[in-house]
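Colleague: What follows is run28.cif, mmCIF, C-alpha atoms.
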data_query
loop_
_atom_site.label_atom_id
_atom_site.label_comp_id
_atom_site.auth_asym_id
_atom_site.auth_seq_id
_atom_site.Cartn_x
_atom_site.Cartn_y
_atom_site.Cartn_z
CA MET A 1 0.00 0.00 0.00
CA SER A 2 1.65 3.18 -1.17
CA ILE A 3 0.58 6.52 0.25
CA MET A 4 0.56 8.00 -3.25
CA GLN A 5 -2.09 5.44 -4.24
CA TYR A 6 -4.37 5.88 -1.26
CA ASN A 7 -6.83 8.36 -2.76
CA GLY A 8 -6.17 8.00 -6.49
CA GLY A 9 -6.46 10.57 -9.25
CA CYS A 10 -4.37 11.93 -12.09
CA LEU A 11 -3.49 15.00 -14.16
CA VAL A 12 -2.09 15.78 -17.59
CA GLY A 13 -0.79 19.05 -19.05
CA MET A 14 -0.03 19.73 -22.73
CA LYS A 15 1.53 22.46 -24.83
CA GLY A 16 -0.10 23.66 -28.03
CA LYS A 17 0.30 26.50 -30.51
CA ASN A 18 0.00 29.64 -28.39
CA CYS A 19 -2.11 27.68 -25.92
CA VAL A 20 -1.84 25.16 -23.10
CA ALA A 21 -4.28 22.67 -21.65
CA ILE A 22 -4.61 20.88 -18.34
CA ALA A 23 -6.96 18.03 -17.52
CA SER A 24 -7.79 16.03 -14.41
CA ASP A 25 -10.09 13.26 -13.38
CA ARG A 26 -12.63 13.80 -10.59
CA ARG A 27 -12.39 10.70 -8.42
CA PHE A 28 -11.66 10.78 -4.75
CA GLY A 29 -11.70 7.53 -2.80
CA VAL A 30 -10.15 5.58 0.03
CA GLN A 31 -8.39 2.68 -1.67
CA ALA A 32 -11.09 0.63 -3.40
CA LEU A 33 -13.98 2.67 -2.04
CA GLY A 34 -14.90 5.61 -4.25
CA LEU A 35 -16.33 8.54 -2.34
CA SER A 36 -16.56 11.60 -4.54
CA THR A 37 -17.13 12.21 -8.24
CA ASN A 38 -16.28 15.91 -8.11
CA PHE A 39 -13.03 16.24 -6.24
CA GLN A 40 -11.25 19.41 -7.30
CA ARG A 41 -7.58 18.93 -8.02
CA MET A 42 -7.03 21.77 -10.49
CA PHE A 43 -6.77 25.37 -9.34
CA SER A 44 -6.26 28.70 -11.05
CA VAL A 45 -3.57 31.17 -10.05
CA SER A 46 -4.76 33.68 -12.63
CA ASN A 47 -6.63 33.49 -15.91
CA ARG A 48 -3.29 32.65 -17.57
CA LEU A 49 -1.87 30.19 -15.02
CA TYR A 50 -3.41 26.97 -13.76
CA TYR A 51 -2.01 24.11 -11.75
CA GLY A 52 -3.15 20.73 -10.51
CA LEU A 53 -2.12 18.44 -7.66
CA ALA A 54 -2.32 14.64 -7.66
CA GLY A 55 -1.63 12.27 -4.76
CA LEU A 56 -2.90 12.31 -1.19
CA GLY A 57 -6.15 14.28 -1.01
CA THR A 58 -5.44 16.11 2.21
CA ASP A 59 -2.11 17.33 0.87
CA VAL A 60 -3.81 18.46 -2.38
CA GLN A 61 -6.12 20.64 -0.31
CA THR A 62 -3.48 21.90 2.11
CA LEU A 63 -1.04 22.78 -0.65
CA SER A 64 -3.67 24.58 -2.72
CA GLU A 65 -4.49 26.73 0.30
CA LYS A 66 -0.80 27.39 0.99
CA PHE A 67 -0.24 28.39 -2.62
CA ARG A 68 -3.28 30.65 -2.58
CA MET A 69 -1.83 32.43 0.46
CA SER A 70 1.68 32.71 -1.05
CA VAL A 71 0.39 34.02 -4.36
CA ASN A 72 -1.89 36.55 -2.67
CA MET A 73 1.04 37.82 -0.60
CA TYR A 74 3.14 38.00 -3.77
CA LYS A 75 0.46 40.04 -5.52
CA LEU A 76 0.19 42.46 -2.59
CA LYS A 77 3.93 43.00 -2.36
CA GLU A 78 4.83 42.94 -6.06
CA GLU A 79 1.62 44.59 -7.34
CA ARG A 80 1.62 42.29 -10.35
CA ASP A 81 0.60 38.78 -11.35
CA ILE A 82 3.07 35.99 -10.70
CA ALA A 83 4.85 34.60 -13.77
CA PRO A 84 4.59 30.85 -14.52
CA THR A 85 8.32 30.19 -14.01
CA THR A 86 8.24 32.10 -10.73
CA PHE A 87 5.20 30.15 -9.55
CA ALA A 88 6.96 26.91 -10.47
CA SER A 89 9.91 27.92 -8.28
CA LEU A 90 7.48 28.82 -5.50
CA VAL A 91 5.91 25.35 -5.73
CA SER A 92 9.35 23.74 -5.81
CA SER A 93 10.64 25.52 -2.73
CA THR A 94 7.41 24.96 -0.79
CA LEU A 95 7.72 21.22 -1.43
CA TYR A 96 11.49 21.06 -0.71
CA GLU A 97 10.90 22.83 2.61
CA ARG A 98 9.44 19.50 3.66
CA ARG A 99 12.29 17.43 2.20
CA PHE A 100 12.39 14.88 5.06
CA GLY A 101 8.67 14.69 5.72
CA PRO A 102 7.18 15.54 2.35
CA TYR A 103 3.74 16.43 1.13
CA PHE A 104 2.52 13.37 -0.79
CA SER A 105 1.47 15.29 -3.83
CA GLU A 106 2.95 15.82 -7.30
CA PRO A 107 1.90 19.00 -9.11
CA VAL A 108 1.44 19.91 -12.76
CA ILE A 109 1.64 23.58 -13.76
CA VAL A 110 0.49 25.07 -17.08
CA GLY A 111 0.21 28.66 -18.22
CA LEU A 112 1.13 31.44 -20.63
CA GLU A 113 4.15 33.63 -20.00
CA LYS A 114 4.01 37.42 -20.26
CA ASP A 115 4.71 37.28 -24.00
CA ASP A 116 2.04 34.56 -24.47
CA THR A 117 4.63 31.74 -24.82
CA PRO A 118 3.11 28.47 -23.59
CA PHE A 119 4.63 27.05 -20.40
CA ILE A 120 4.21 23.65 -18.77
CA CYS A 121 6.08 21.85 -16.03
CA ALA A 122 5.64 19.26 -13.31
CA THR A 123 7.50 18.46 -10.13
CA ASP A 124 7.98 15.38 -7.98
CA LEU A 125 6.81 15.33 -4.37
CA ILE A 126 9.98 17.06 -3.14
CA GLY A 127 10.03 19.78 -5.75
CA CYS A 128 12.29 18.63 -8.58
CA ILE A 129 11.01 20.55 -11.60
CA ASN A 130 10.59 18.89 -14.99
CA PHE A 131 10.38 21.61 -17.67
CA ALA A 132 8.81 19.65 -20.51
CA LYS A 133 8.41 20.88 -24.04
CA ASP A 134 5.55 18.56 -24.94
CA PHE A 135 3.43 17.21 -22.07
CA VAL A 136 3.51 16.37 -18.37
CA VAL A 137 1.62 13.66 -16.50
CA THR A 138 1.16 12.69 -12.86
CA GLY A 139 -1.02 10.49 -10.68
CA THR A 140 -1.97 6.82 -10.34
CA SER A 141 -2.48 6.49 -14.10
CA SER A 142 0.72 8.30 -15.07
CA GLU A 143 2.04 5.32 -17.06
CA GLN A 144 -1.18 5.06 -19.03
CA LEU A 145 -1.09 8.82 -19.61
CA TYR A 146 2.53 8.61 -20.79
CA GLY A 147 1.56 5.97 -23.34
CA MET A 148 -1.42 7.96 -24.63
CA CYS A 149 0.40 11.31 -24.77
CA GLU A 150 3.49 9.87 -26.45
CA ALA A 151 1.26 8.40 -29.18
CA LEU A 152 -1.26 11.21 -29.64
CA TRP A 153 0.68 14.45 -29.04
CA GLU A 154 2.24 16.43 -31.82
CA PRO A 155 3.67 19.96 -31.73
CA ASP A 156 1.70 23.11 -32.53
CA LEU A 157 -1.83 21.88 -32.00
CA GLU A 158 -4.50 24.57 -32.19
CA PRO A 159 -6.73 25.01 -29.10
CA GLU A 160 -9.61 22.90 -30.46
CA ASP A 161 -7.25 20.11 -31.55
CA LEU A 162 -5.30 20.30 -28.28
CA PHE A 163 -8.59 19.88 -26.43
CA GLU A 164 -9.43 16.73 -28.42
CA THR A 165 -5.94 15.32 -27.92
CA ILE A 166 -5.75 15.92 -24.17
CA SER A 167 -9.29 14.62 -23.70
CA GLN A 168 -8.62 11.35 -25.54
CA ALA A 169 -5.38 10.93 -23.60
CA MET A 170 -7.21 11.39 -20.28
CA LEU A 171 -10.32 9.33 -21.05
CA ASN A 172 -8.51 6.28 -22.41
CA ALA A 173 -5.78 6.34 -19.78
CA VAL A 174 -8.10 6.49 -16.76
CA ASP A 175 -10.19 3.61 -18.10
CA ARG A 176 -7.19 1.37 -17.43
CA ASP A 177 -6.72 2.54 -13.85
CA ALA A 178 -9.08 1.51 -11.09
CA LEU A 179 -8.19 4.50 -8.92
CA SER A 180 -8.71 7.19 -11.56
CA GLY A 181 -11.69 8.40 -13.52
CA TRP A 182 -15.26 9.03 -12.34
CA GLY A 183 -15.43 12.12 -14.56
CA ALA A 184 -12.92 14.53 -16.05
CA VAL A 185 -12.42 18.29 -16.45
CA VAL A 186 -10.31 20.09 -19.06
CA HIS A 187 -9.12 23.72 -19.11
CA VAL A 188 -7.74 25.13 -22.38
CA ILE A 189 -5.88 28.41 -21.88
CA THR A 190 -5.30 30.87 -24.74
CA PRO A 191 -4.15 34.50 -24.63
CA THR A 192 -7.76 35.66 -24.93
CA GLN A 193 -9.79 33.16 -22.92
CA VAL A 194 -9.97 30.00 -20.82
CA ILE A 195 -12.43 27.35 -21.98
CA THR A 196 -13.45 24.83 -19.36
CA ARG A 197 -15.21 21.62 -20.36
CA THR A 198 -16.45 18.66 -18.37
CA LEU A 199 -15.95 15.37 -20.21
CA LYS A 200 -18.48 12.58 -20.46
CA GLY A 201 -16.74 9.34 -19.63
CA ARG A 202 -17.22 5.98 -18.01
CA MET A 203 -18.37 6.27 -14.40
CA ASP A 204 -17.00 2.92 -13.30
CA MET B 1 13.56 2.93 -3.15
CA ALA B 2 11.60 6.10 -3.93
CA PRO B 3 11.21 8.88 -1.33
CA GLN B 4 7.53 8.10 -1.01
CA ASP B 5 8.39 4.56 0.26
CA TRP B 6 10.77 5.70 2.98
CA MET B 7 8.03 5.97 5.61
CA GLU B 8 7.12 2.28 5.13
CA ALA B 9 10.79 1.15 5.10
CA GLU B 10 11.32 2.02 8.77
CA LYS B 11 8.81 -0.65 9.77
CA GLN B 12 10.69 -3.56 8.12
CA GLY B 13 13.35 -3.95 10.83
CA ALA B 14 15.67 -6.96 10.22
CA VAL B 15 16.07 -7.85 6.55
CA GLN B 16 16.49 -11.47 5.43
CA HIS B 17 18.49 -12.27 2.33
CA ALA B 18 17.64 -15.25 0.11
CA PHE B 19 18.16 -16.58 -3.41
CA SER B 20 15.37 -15.57 -5.75
CA PRO B 21 14.70 -17.92 -8.65
CA TYR B 22 13.05 -15.10 -10.58
CA THR B 23 14.30 -12.06 -12.46
CA ASP B 24 12.60 -9.45 -14.58
CA ASN B 25 14.04 -9.10 -18.07
CA GLY B 26 11.61 -6.34 -19.06
CA GLY B 27 10.18 -5.69 -22.50
CA THR B 28 6.80 -5.08 -24.07
CA SER B 29 4.57 -7.27 -26.21
CA LEU B 30 1.24 -6.77 -27.93
CA ALA B 31 -1.23 -8.60 -30.14
CA ILE B 32 -4.14 -7.53 -32.34
CA ALA B 33 -6.77 -9.87 -33.81
CA GLY B 34 -8.30 -8.89 -37.15
CA GLU B 35 -11.01 -10.34 -39.38
CA ASP B 36 -8.62 -12.53 -41.37
CA PHE B 37 -5.24 -11.84 -39.78
CA CYS B 38 -3.50 -11.78 -36.43
CA LEU B 39 -0.62 -9.52 -35.45
CA VAL B 40 1.68 -10.54 -32.57
CA ALA B 41 4.66 -8.37 -31.70
CA ALA B 42 7.33 -8.00 -29.04
CA ASP B 43 10.44 -5.88 -28.64
CA THR B 44 13.83 -7.61 -28.55
CA ARG B 45 15.63 -5.85 -25.69
CA GLN B 46 16.58 -8.00 -22.71
CA SER B 47 17.45 -6.13 -19.52
CA GLU B 48 18.28 -6.80 -15.91
CA GLY B 49 18.05 -3.82 -13.56
CA TYR B 50 19.74 -0.89 -15.31
CA SER B 51 21.80 -3.11 -17.64
CA ILE B 52 21.02 -4.33 -21.11
CA ASN B 53 21.85 -8.03 -21.54
CA SER B 54 21.01 -8.12 -25.22
CA ARG B 55 19.62 -5.87 -27.92
CA TYR B 56 18.33 -8.88 -29.84
CA ALA B 57 16.77 -11.56 -27.65
CA PRO B 58 13.41 -12.24 -29.27
CA LYS B 59 10.50 -12.97 -27.00
CA ALA B 60 7.91 -13.96 -29.58
CA TYR B 61 8.00 -17.58 -30.73
CA LYS B 62 6.47 -19.12 -33.87
CA PHE B 63 5.00 -22.62 -33.67
CA SER B 64 4.46 -25.37 -36.19
CA ASN B 65 0.68 -24.84 -36.24
CA GLY B 66 1.00 -21.19 -37.28
CA ALA B 67 0.45 -19.79 -33.80
CA VAL B 68 2.75 -17.21 -32.24
CA LEU B 69 3.38 -16.79 -28.51
CA ALA B 70 4.59 -13.46 -27.15
CA THR B 71 6.08 -13.67 -23.67
CA SER B 72 7.21 -10.99 -21.24
CA GLY B 73 8.57 -11.05 -17.73
CA MET B 74 11.37 -13.55 -17.25
CA HIS B 75 13.09 -14.55 -20.46
CA ALA B 76 14.28 -17.96 -19.24
CA ASP B 77 10.76 -19.02 -18.26
CA GLY B 78 9.34 -17.70 -21.52
CA HIS B 79 11.91 -19.57 -23.58
CA THR B 80 11.40 -22.82 -21.63
CA LEU B 81 7.64 -22.51 -21.90
CA ALA B 82 7.96 -22.14 -25.67
CA LYS B 83 10.12 -25.30 -25.75
CA ARG B 84 7.46 -27.19 -23.77
CA LEU B 85 4.75 -26.00 -26.14
CA ASP B 86 6.82 -27.10 -29.16
CA GLN B 87 7.13 -30.57 -27.60
CA ARG B 88 3.42 -30.82 -26.81
CA LEU B 89 2.49 -29.66 -30.33
CA GLU B 90 4.70 -32.40 -31.82
CA TRP B 91 3.19 -35.11 -29.56
CA TYR B 92 -0.30 -33.93 -30.51
CA GLU B 93 0.47 -34.15 -34.23
CA HIS B 94 1.81 -37.69 -33.85
CA ASN B 95 -1.10 -38.84 -31.66
CA HIS B 96 -3.97 -37.18 -33.57
CA GLY B 97 -2.61 -36.99 -37.10
CA LYS B 98 -3.32 -33.28 -37.45
CA LYS B 99 -1.95 -29.94 -36.33
CA MET B 100 -3.28 -28.51 -33.08
CA SER B 101 -5.86 -25.78 -33.50
CA VAL B 102 -5.15 -22.42 -31.85
CA GLY B 103 -8.17 -22.84 -29.54
CA ALA B 104 -6.94 -26.22 -28.33
CA MET B 105 -3.43 -24.85 -27.89
CA ALA B 106 -4.85 -21.95 -25.89
CA GLN B 107 -6.58 -24.29 -23.45
CA MET B 108 -3.47 -26.47 -23.22
CA LEU B 109 -1.26 -23.49 -22.39
CA SER B 110 -3.59 -22.67 -19.53
CA THR B 111 -3.25 -26.15 -18.03
CA ILE B 112 0.53 -26.16 -18.53
CA LEU B 113 0.78 -22.90 -16.64
CA TYR B 114 -1.52 -24.00 -13.81
CA GLN B 115 0.46 -27.20 -13.35
CA LYS B 116 3.16 -24.92 -11.96
CA ARG B 117 0.69 -23.06 -9.76
CA PHE B 118 3.07 -23.21 -6.74
CA PHE B 119 6.27 -22.32 -8.63
CA PRO B 120 4.95 -20.40 -11.61
CA TYR B 121 6.44 -19.56 -14.94
CA TYR B 122 7.13 -15.84 -14.50
CA THR B 123 5.70 -14.98 -17.88
CA PHE B 124 2.84 -12.77 -19.07
CA ASN B 125 1.76 -14.54 -22.23
CA ILE B 126 -0.22 -13.58 -25.29
CA LEU B 127 -1.00 -16.35 -27.79
CA GLY B 128 -2.07 -15.39 -31.31
CA GLY B 129 -3.23 -17.27 -34.40
CA LEU B 130 -6.23 -17.92 -36.65
CA ASP B 131 -9.23 -19.79 -35.28
CA GLU B 132 -10.99 -22.61 -37.09
CA ASN B 133 -13.05 -20.08 -39.07
CA GLY B 134 -9.96 -18.27 -40.29
CA LYS B 135 -10.58 -15.26 -38.03
CA GLY B 136 -7.79 -13.69 -36.01
CA ALA B 137 -7.70 -14.92 -32.42
CA ILE B 138 -5.62 -13.86 -29.43
CA TYR B 139 -5.64 -15.32 -25.95
CA THR B 140 -4.13 -13.52 -22.96
CA TYR B 141 -2.83 -15.19 -19.80
CA ASP B 142 -1.68 -14.42 -16.30
CA PRO B 143 1.38 -16.33 -14.97
CA VAL B 144 -0.73 -19.22 -13.60
CA GLY B 145 -2.99 -19.78 -16.56
CA SER B 146 -6.06 -17.58 -16.17
CA HIS B 147 -6.97 -16.79 -19.76
CA GLU B 148 -9.55 -15.29 -22.07
CA ARG B 149 -9.92 -14.54 -25.74
CA GLU B 150 -9.69 -10.85 -26.59
CA GLY B 151 -9.48 -8.53 -29.59
CA TRP B 152 -6.30 -6.73 -28.55
CA ARG B 153 -3.87 -6.75 -25.65
CA ALA B 154 -0.53 -5.28 -24.57
CA ALA B 155 1.67 -6.84 -21.89
CA GLY B 156 5.05 -6.42 -20.27
CA SER B 157 6.86 -3.43 -18.78
CA GLY B 158 5.34 -1.05 -21.34
CA GLY B 159 1.96 -2.76 -21.27
CA SER B 160 0.31 -0.04 -19.19
CA LEU B 161 1.54 2.58 -21.66
CA VAL B 162 0.37 0.71 -24.76
CA GLN B 163 -2.94 -0.83 -23.62
CA PRO B 164 -4.99 2.43 -23.46
CA PHE B 165 -3.66 3.40 -26.90
CA LEU B 166 -4.87 0.08 -28.33
CA ASP B 167 -8.24 0.56 -26.59
CA ASN B 168 -8.54 3.91 -28.37
CA GLN B 169 -7.23 2.96 -31.83
CA ILE B 170 -8.28 -0.68 -32.19
CA GLY B 171 -11.35 -0.73 -29.93
CA HIS B 172 -12.44 2.80 -30.94
CA LYS B 173 -13.13 3.61 -27.29
CA HIS B 174 -14.25 7.20 -26.65
CA GLN B 175 -14.64 7.64 -30.38
CA GLN B 176 -17.53 7.61 -32.78
CA SER B 177 -15.91 5.60 -35.55
CA PRO B 178 -17.68 3.63 -38.26
CA GLN B 179 -17.80 0.03 -37.11
CA VAL B 180 -15.46 -1.35 -39.77
CA PRO B 181 -13.14 -4.18 -38.76
CA ILE B 182 -9.50 -3.20 -38.35
CA THR B 183 -7.29 -3.60 -41.44
CA LEU B 184 -3.81 -5.14 -41.34
CA GLU B 185 -2.37 -1.84 -42.55
CA LYS B 186 -3.93 0.09 -39.67
CA ALA B 187 -2.97 -2.59 -37.14
CA LEU B 188 0.68 -2.40 -38.23
CA LYS B 189 0.70 1.38 -38.04
CA VAL B 190 -0.86 1.31 -34.56
CA ALA B 191 1.55 -1.39 -33.37
CA LYS B 192 4.63 0.48 -34.62
CA ASP B 193 3.47 3.78 -33.10
CA ALA B 194 2.73 1.95 -29.86
CA PHE B 195 6.25 0.53 -29.70
CA SER B 196 7.81 3.89 -30.56
CA GLY B 197 5.85 5.53 -27.76
CA ALA B 198 6.71 2.80 -25.27
CA ALA B 199 10.39 2.95 -26.23
CA GLU B 200 10.40 6.68 -25.44
CA ARG B 201 9.10 6.43 -21.91
CA ASP B 202 9.88 2.86 -20.76
CA ILE B 203 13.58 2.19 -20.21
CA TYR B 204 13.11 -1.56 -20.69
CA THR B 205 11.59 -1.20 -24.16
CA GLY B 206 13.64 -0.42 -27.25
CA ASP B 207 16.28 -1.62 -29.76
CA MET B 208 13.89 -3.43 -32.13
CA ALA B 209 10.36 -4.77 -32.42
CA GLU B 210 9.59 -8.03 -34.21
CA LEU B 211 6.11 -8.14 -35.69
CA PHE B 212 4.59 -11.52 -36.65
CA ILE B 213 1.80 -11.22 -39.21
CA ILE B 214 -0.34 -14.38 -39.29
CA THR B 215 -2.62 -14.93 -42.27
CA LYS B 216 -3.99 -17.98 -44.07
CA ASP B 217 -0.84 -17.79 -46.22
CA GLY B 218 1.44 -18.34 -43.24
CA VAL B 219 3.48 -16.26 -40.81
CA HIS B 220 5.46 -13.26 -42.07
CA VAL B 221 7.97 -11.52 -39.80
CA GLU B 222 8.76 -7.81 -39.98
CA GLN B 223 11.53 -6.07 -38.03
CA TYR B 224 11.01 -2.49 -36.88
CA PRO B 225 14.01 -0.68 -35.37
CA LEU B 226 13.46 1.27 -32.14
CA LYS B 227 15.50 3.79 -30.17
CA ARG B 228 18.56 2.23 -28.61
CA ASP B 229 18.91 4.58 -25.63
#
Represent the supplied structure as C-alpha cells.
Modeller:
Amino acid sequence: MSIMQYNGGCLVGMKGKNCVAIASDRRFGVQALGLSTNFQRMFSVSNRLYYGLAGLGTDVQTLSEKFRMSVNMYKLKEERDIAPTTFASLVSSTLYERRFGPYFSEPVIVGLEKDDTPFICATDLIGCINFAKDFVVTGTSSEQLYGMCEALWEPDLEPEDLFETISQAMLNAVDRDALSGWGAVVHVITPTQVITRTLKGRMD
Amino acid sequence: MAPQDWMEAEKQGAVQHAFSPYTDNGGTSLAIAGEDFCLVAADTRQSEGYSINSRYAPKAYKFSNGAVLATSGMHADGHTLAKRLDQRLEWYEHNHGKKMSVGAMAQMLSTILYQKRFFPYYTFNILGGLDENGKGAIYTYDPVGSHEREGWRAAGSGGSLVQPFLDNQIGHKHQQSPQVPITLEKALKVAKDAFSGAAERDIYTGDMAELFIITKDGVHVEQYPLKRD
C-alpha cells in the first residue's frame, strides 16, 4: 500500500500552438472505495496560469491553500501577477521545505508567459522541476497517460485540436486505472480566454 | 527505493536475504486480432536492472501450427515454456494426425501454466493465431494460466503505456468511428506507433520490435528498429 495510491487521481498538461491545456479526473476515494465524483484537483492562479495536484487528497487541499496564500502575498507585495516560471519555483521551494517529511502530492503547472509563450512543467513530491516541451503527467495512471500522450501528441496543436488530444489521452488512460476516472475536467488556456469543459466518460 | 516509500521502510526492521529464482528481463509485447489476420509483436531488448543483456533476444516464438506466442517477464521461463509448447504440439500431431488448432493450444497453455501453480512460470503470455473459421484470435494469460480470448492486448513493462492506446485505436473507445473491422495496414501502423511511444518512456523497451503477421498464407515476420537509448 503506497501513500501515493491511497486516494487515487491523475493529471495531464499539454503544450499547443500559443495555448496550453490541463486536464484532471474527478475521483476521490479511500483505496477501493470511491467517495466523490467531483473532487477538485485543479486550481487557477490567474486566468493565464493553472495548476493541478495529484496524490494524497489532504495534501492536495493543504497545498492549494498554501499556494493561494503565497500568491496573494506576492500580488500584494509585487503589485503584479506571478509569472509561470516564478510560480513553479514557489511550488518547488514549498515542497522542498518538507524534504524529510514531504507532502505526498505531485503537481502539474500550465500557463502562458508574459509574451504569451506556452509554459508547462511538473515536479515530484519534493520539488524537482521537470520543464517539458511537450506534455507532463502525474497520478496513479501516469504510465497510461505517458503511453497515450506519447502516441497522440504532436507539436503546434490549435486550441480545439489540443482539447481533443488531451481529452482522448485522459479518457482512455483512466479507463485502465481503477483508482482514476469518475469524470474529467479540461481547461484550455489561450491569450484571450480559458475554456473549461467537463468530459463525459465511463463512471465505473 | 523512492522517497515516497521511505516511511514504510522504517517498519521492516531486520532484513532477510535469500536466493530468488526469478528475475525481470523487461520488454513489451502486444497482439491484435483482425477479421482474417492476427498480429503478434514484441520488442527484442533483454534487460536486468539498469543493464542491457542483449539488444536482440526475441520474446515472440512461432509454432508449427501457425500460432505465435509473445512472452514478457522472465526470459528464461518464456523460452522454456515455448520449448514445452513445441514438444506438446509435436506429440499432438503424432497422436492425432493433425496440427493442433489455436483454440486447443490456448486451453493447453492454460493447463501447462496452472500445473506450476506453486512455482509459476514468471511470464505474461499472449498467444495469437487464426481460429478454425480463419478469423484472427488472441488469448491472454496471467502467470498461472487464467486466460480469455480478446481482440487486442498489450503486456510487459510497457503494457500499461500501450494498452490504453490500443483501446482507443483498435477498440475505438471514446470515439464515434464507423464500425469497420481493423485492417492489417492500420494494425501495423498502430503497433509500430505503440512501440515507438513505449520505447520513449519505458527504459526496458527499445532496440527493435519483431512483428509476426499471421494470415492464411502463413506467418510473415517484420523487423522495426526502435530507439537504442
Colleague: Excluding Phe118 in chain B and residues on its chain fewer than 3 positions from it, collect all residues at most 9 Å away from it, counting only C-alpha atoms, and give them as a list in words.
Modeller: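 Result of the neighbour search: Tyr114, Gln115 and Val144 of chain B.
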Colleague: What is the CA of Ala184 in chain A to CA of Ile3 in chain A distance in Å?
Modeller: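 That distance, rounded to one decimal, is 22.6 Å.
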Colleague: I'd like the residues picked by the PyMOL selection byres ((chain A and resi 102) around 10) written out as a list in words, using the chain letters and numbers from the file.
Modeller: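 With the PyMOL selection byres ((chain A and resi 102) around 10) on this model, the match is Asp59, Thr94, Leu95, Tyr96, Glu97, Arg98, Arg99, Phe100, Gly101, Tyr103, Phe104, Ser105, Leu125, Ile126 and Gly127 of chain A; Pro3 and Gln4 of chain B.
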Colleague: Using all atoms listed in the file, find which residues of chain A lie within 7 Å of chain B and jot them down as a list in words.
Modeller: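 The selection requested is Glu143, Gln144, Tyr146, Gly147, Met148, Glu150, Ala151, Asn172, Ala173 and Arg176 of chain A.
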Colleague: Take the residues that were just selected and, keeping C-alpha atoms, output them as a short mmCIF file (atom, residue, chain, number, x, y, z; two decimals), keeping the file's coordinate frame.
Modeller:
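Final output, saved to part_1.cif:
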data_model
loop_
_atom_site.label_atom_id
_atom_site.label_comp_id
_atom_site.auth_asym_id
_atom_site.auth_seq_id
_atom_site.Cartn_x
_atom_site.Cartn_y
_atom_site.Cartn_z
CA GLU A 143 2.04 5.32 -17.06
CA GLN A 144 -1.18 5.06 -19.03
CA TYR A 146 2.53 8.61 -20.79
CA GLY A 147 1.56 5.97 -23.34
CA MET A 148 -1.42 7.96 -24.63
CA GLU A 150 3.49 9.87 -26.45
CA ALA A 151 1.26 8.40 -29.18
CA ASN A 172 -8.51 6.28 -22.41
CA ALA A 173 -5.78 6.34 -19.78
CA ARG A 176 -7.19 1.37 -17.43
#
Colleague: Output the residue selection produced by the PyMOL selection byres ((chain A and resi 137) around 9) on the file above, formatted as number ranges by chain.
Modeller: A: 10-14, 108, 122, 135-136, 138-139, 141-143, 145-146, 149
Colleague: Around (-8.1, 21.4, -26.1) in the file's frame, which residues reach within 8 Å when counting all atoms listed in the file? Return as an mmCIF file with C-alpha atoms, in the frame of the given file?
Modeller:
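Saved to out_8.cif:
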data_model
loop_
_atom_site.group_PDB
_atom_site.id
_atom_site.type_symbol
_atom_site.label_atom_id
_atom_site.label_comp_id
_atom_site.auth_asym_id
_atom_site.auth_seq_id
_atom_site.Cartn_x
_atom_site.Cartn_y
_atom_site.Cartn_z
ATOM 1 C CA VAL A 20 -1.840 25.160 -23.100
ATOM 2 C CA ALA A 21 -4.280 22.670 -21.650
ATOM 3 C CA GLU A 158 -4.500 24.570 -32.190
ATOM 4 C CA PRO A 159 -6.730 25.010 -29.100
ATOM 5 C CA GLU A 160 -9.610 22.900 -30.460
ATOM 6 C CA ASP A 161 -7.250 20.110 -31.550
ATOM 7 C CA LEU A 162 -5.300 20.300 -28.280
ATOM 8 C CA PHE A 163 -8.590 19.880 -26.430
ATOM 9 C CA GLU A 164 -9.430 16.730 -28.420
ATOM 10 C CA THR A 165 -5.940 15.320 -27.920
ATOM 11 C CA ILE A 166 -5.750 15.920 -24.170
ATOM 12 C CA SER A 167 -9.290 14.620 -23.700
ATOM 13 C CA VAL A 186 -10.310 20.090 -19.060
ATOM 14 C CA HIS A 187 -9.120 23.720 -19.110
ATOM 15 C CA VAL A 188 -7.740 25.130 -22.380
#
Colleague: Could you tell me which of B:Asp217, B:Glu210, B:Asp24, B:Asp36 comes closest to Thr123 in chain B if we count only C-alpha atoms?
Modeller: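 Using only C-alpha atoms, Thr123 in chain B sits closest to B:Asp24.
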Colleague: What's the separation between CA of Asp207 in chain B and CA of Leu188 in chain B, in Å to one decimal place?
Modeller: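 These atoms are spaced 17.8 Å apart.
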Colleague: Care to translate the PyMOL selection byres ((chain B and resi 226) around 7) into actual residues of this file, as a list in words?
Modeller: Ser196, Ala199, Gly206, Asp207, Met208, Ala209, Tyr224, Pro225, Lys227 and Arg228 of chain B
Colleague: Please measure the separation of CA of Gly145 in chain B and CA of Leu109 in chain B, giving the value in Å to one decimal.
Modeller: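 So the answer is 7.1 Å.
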Colleague: Taking 6 positions as the minimum chain separation for residues in the same chain, which residues sit within 10 Å of range 126-139 of chain B when counting all atoms listed in the file? Answer as a PyMOL selection string.
Modeller: chain B and resi 29-41+60-63+65-72+101-107+109-110+147-155+212-216+219
Colleague: Which residues are close to Pro84 in chain A, i.e. within 9 Å by all atoms listed in the file, leaving aside same-chain residues fewer than 6 positions away? Reply as a list of chain:residue names.
Modeller: A:Arg48, A:Leu49, A:Tyr50, A:Ile109, A:Val110, A:Gly111, A:Leu112, A:Glu113, A:Lys114, A:Phe119, A:Ile120
Colleague: For the residues in that selection, give me C-alpha atoms as a PDB file, in the frame of the given file.
Modeller:
ATOM      1  CA  ARG A  48      -3.290  32.650 -17.570  1.00  0.00           C
ATOM      2  CA  LEU A  49      -1.870  30.190 -15.020  1.00  0.00           C
ATOM      3  CA  TYR A  50      -3.410  26.970 -13.760  1.00  0.00           C
ATOM      4  CA  ILE A 109       1.640  23.580 -13.760  1.00  0.00           C
ATOM      5  CA  VAL A 110       0.490  25.070 -17.080  1.00  0.00           C
ATOM      6  CA  GLY A 111       0.210  28.660 -18.220  1.00  0.00           C
ATOM      7  CA  LEU A 112       1.130  31.440 -20.630  1.00  0.00           C
ATOM      8  CA  GLU A 113       4.150  33.630 -20.000  1.00  0.00           C
ATOM      9  CA  LYS A 114       4.010  37.420 -20.260  1.00  0.00           C
ATOM     10  CA  PHE A 119       4.630  27.050 -20.400  1.00  0.00           C
ATOM     11  CA  ILE A 120       4.210  23.650 -18.770  1.00  0.00           C
TER      12      ILE A 120
END
Colleague: Any idea what's packed within 12 Å of Leu113 in chain B, counting all atoms listed in the file, ignoring anything in its chain fewer than 6 positions away? Could you give it as an NGL selection string?
Modeller: :B and (77-78 or 80-82 or 84-85 or 106-107 or 119-125 or 141-147)
